[in-house]
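Remarks on the structure that follows.
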Amino acid sequence: MKDTHSASKEPLSAYEKAAIEGHDPRCTPQYLDGVPPIGSEIVKPVYSDEHNDNWRFLLNRQKSLLQGRAGQAFLDGVRILGLNDKGIPGLADLSVALETATGWKIARIPGLLHEREFFELIAQRIFPSTDYVREKNELDYTPAPDCFHDIFGHMPMLTEPAVADFYHLFGKSALNATGNQRTCLERLHWFTIEFGLIHQVDGLRVFGAGTMSSKNEVVHALSDEVEVIPFSLEKVIEQDYEVWHLQPRLFALDTFDQLVREFRAWAEKEGLLA
Ligand SMILES: [Fe+2]
């Protein structure tokens with residue numbers, strides 16, 4: 001069989017390399033071609049009925065699981081952003097709502113980004129989001145980024161002022177991190193932004209995007225199968241995690257201000273906010 005690629009002498013793209021290695025190419029980080037469209041520059045795609053149906057199915061399924069599980073800040077965020085089952089919302093409209101709430105904007109990106117490009121946006125209070133939704137055969141699970149995770153999972157918490165400030169500080173710190181500091185930041189991201197828990201007056205609640213966009217994680221997170229540890233930044237940065245399984249151990253904040261306070265102190269001590 002003719003190898004058309006080596007014949008053309010063109011370098012392989014990240015997607016092509018991943019396909020050859022057998023990975024889902026959508027999970028391969030990629031570089032942006034230039035500055036991505038931000039806020040009002042983002043053109044909403046014309047979604048098919050099937051894609052809007054997929055969004056509707058995912059949103060209604062998650063919403064039915066959130067009662068008594070989701071933190072109040074997340075529920076408030078869903079309302080502020082106007083997320084509903086009419087169809088996939090436009091990123092430009094979401095950007096306006098987010099900017100009004102906490103000064104964050106949204107950039108449209110084509111898929112998983114390389115870390116540095118991701119954090120360069122986060123450090124400017126710009127959240128990178130995809131605008132395509134998973135396919136029908138992936139409704140229960142997809143390892144790839146999609147707009148249900150980015151929009152429904154991540155954006156509601158960015159309307160919460162302390163979380164918005166934490167993530168901004170996180171992005172700035174990530175750009176300066178080296179060596180073990182990077183591992184610490186990955187763990188902090190995992191156990192807060194993706195899988196964080198918070199104590200409310202009415203009980204323990206979930207707020208992380210990884211939890212909110214997964215039907216299994218949202219039920220599992222507050223079950224007896226999870227060991228819940230009081231949040232302490234020093235403990236979190238020592239805690240390894242497993243990407244491909246349900247989380248056996250999670251950390252619970254007392255308040256979102258605690259997260260900002262502990263993170264700022266640590267990042268300053270590490271020289272990451274200079
Ligand atoms: Fe995420």
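Identifiers in the structure tokens: chain A, B, ... in order shown; residue index from 1 per chain; ligand index from 1 in order shown.
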- Enumerate residues in contact with ligand 1: an atom-to-atom distance of at most 12 Å, counting only C-alpha atoms and all ligand atoms. Format the result as a ChimeraX atom specification. /A:111-113,118,127-130,143-155,157,186,189-196,207-214,243
- Message: Using only C-alpha atoms for the distances, tell me which of A:Leu272, A:Ile198, A:Ala265, A:Leu250 is nearest to A:Arg69.
- Response: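 The shortest atom-to-atom distance to A:Arg69 comes from A:Ile198.
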- Message: Given only C-alpha atoms as the basis, pick out the residue of A:Trp266, A:Phe166, A:Phe231, A:Phe251 nearest to A:Thr102.
- Response: A:Phe166
- Neighbours of stretch 33-40 of chain A within 8 Å (only C-alpha atoms; same-chain residues fewer than 3 positions away dropped), as a count of residues only? 11
- Query: Separation of atom CA of A:Trp55 and atom CA of A:Asp131, in Å?
  - Reply: 11.3 Å
- Message: When you count only C-alpha atoms, which of these residues is closest to A:Thr142: A:Glu117, A:Phe74, A:Ser223, A:Lys215?
- Response: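 Closest to A:Thr142 of all the choices is A:Lys215.
Distances here use only C-alpha atoms; by that measure, the residue among A:Lys136, A:Gly71, A:Arg249, A:Lys86 closest to A:Val201 is A:Gly71.
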- Task: Run DSSP on the backbone of this structure and report the residues of stretch 20-190 of chain A it assigns to strand (DSSP E or B), as a PyMOL selection string.
- Result: chain A and resi 30+38+70+105-108+113+126-129
Could those residues be written to a file, using N, CA and C atoms, as a short mmCIF file (atom, residue, chain, number, x, y, z; two decimals), in the first residue's frame?
data_model
loop_
_atom_site.label_atom_id
_atom_site.label_comp_id
_atom_site.auth_asym_id
_atom_site.auth_seq_id
_atom_site.Cartn_x
_atom_site.Cartn_y
_atom_site.Cartn_z
N GLN A 30 -3.53 20.20 20.85
CA GLN A 30 -3.11 20.85 19.61
C GLN A 30 -2.78 22.32 19.87
N ILE A 38 -12.95 35.53 20.27
CA ILE A 38 -13.32 35.76 21.68
C ILE A 38 -14.62 36.55 21.73
N ALA A 70 -25.86 19.15 43.72
CA ALA A 70 -25.07 20.28 43.20
C ALA A 70 -25.05 21.42 44.21
N LYS A 105 -14.38 36.10 29.96
CA LYS A 105 -14.92 35.98 28.60
C LYS A 105 -14.68 34.55 28.11
N ILE A 106 -15.20 34.28 26.93
CA ILE A 106 -15.05 32.94 26.36
C ILE A 106 -14.34 33.05 25.00
N ALA A 107 -13.42 32.11 24.76
CA ALA A 107 -12.79 31.97 23.44
C ALA A 107 -13.23 30.63 22.85
N ARG A 108 -13.50 30.62 21.54
CA ARG A 108 -13.84 29.35 20.90
C ARG A 108 -12.55 28.66 20.45
N LEU A 113 -6.30 21.83 23.99
CA LEU A 113 -5.15 22.71 23.71
C LEU A 113 -3.92 22.25 24.48
N ILE A 126 -9.99 34.45 30.32
CA ILE A 126 -10.69 34.00 29.10
C ILE A 126 -10.77 32.48 29.17
N PHE A 127 -12.00 31.94 29.12
CA PHE A 127 -12.16 30.50 29.22
C PHE A 127 -12.25 29.89 27.82
N PRO A 128 -11.33 28.96 27.49
CA PRO A 128 -11.37 28.32 26.18
C PRO A 128 -12.45 27.24 26.14
N SER A 129 -13.33 27.32 25.16
CA SER A 129 -14.44 26.35 25.08
C SER A 129 -14.59 25.82 23.66
#
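Interatomic distance, atom CA of A:Leu188 to atom CA of A:Leu66: 23.6 Å.
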- Message: Measuring between only C-alpha atoms, which one of A:Val46, A:Thr159, A:Ala123, A:Gly68 shows the shortest distance to A:Leu98?
- Response: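 Using only C-alpha atoms, A:Leu98 sits closest to A:Thr159.
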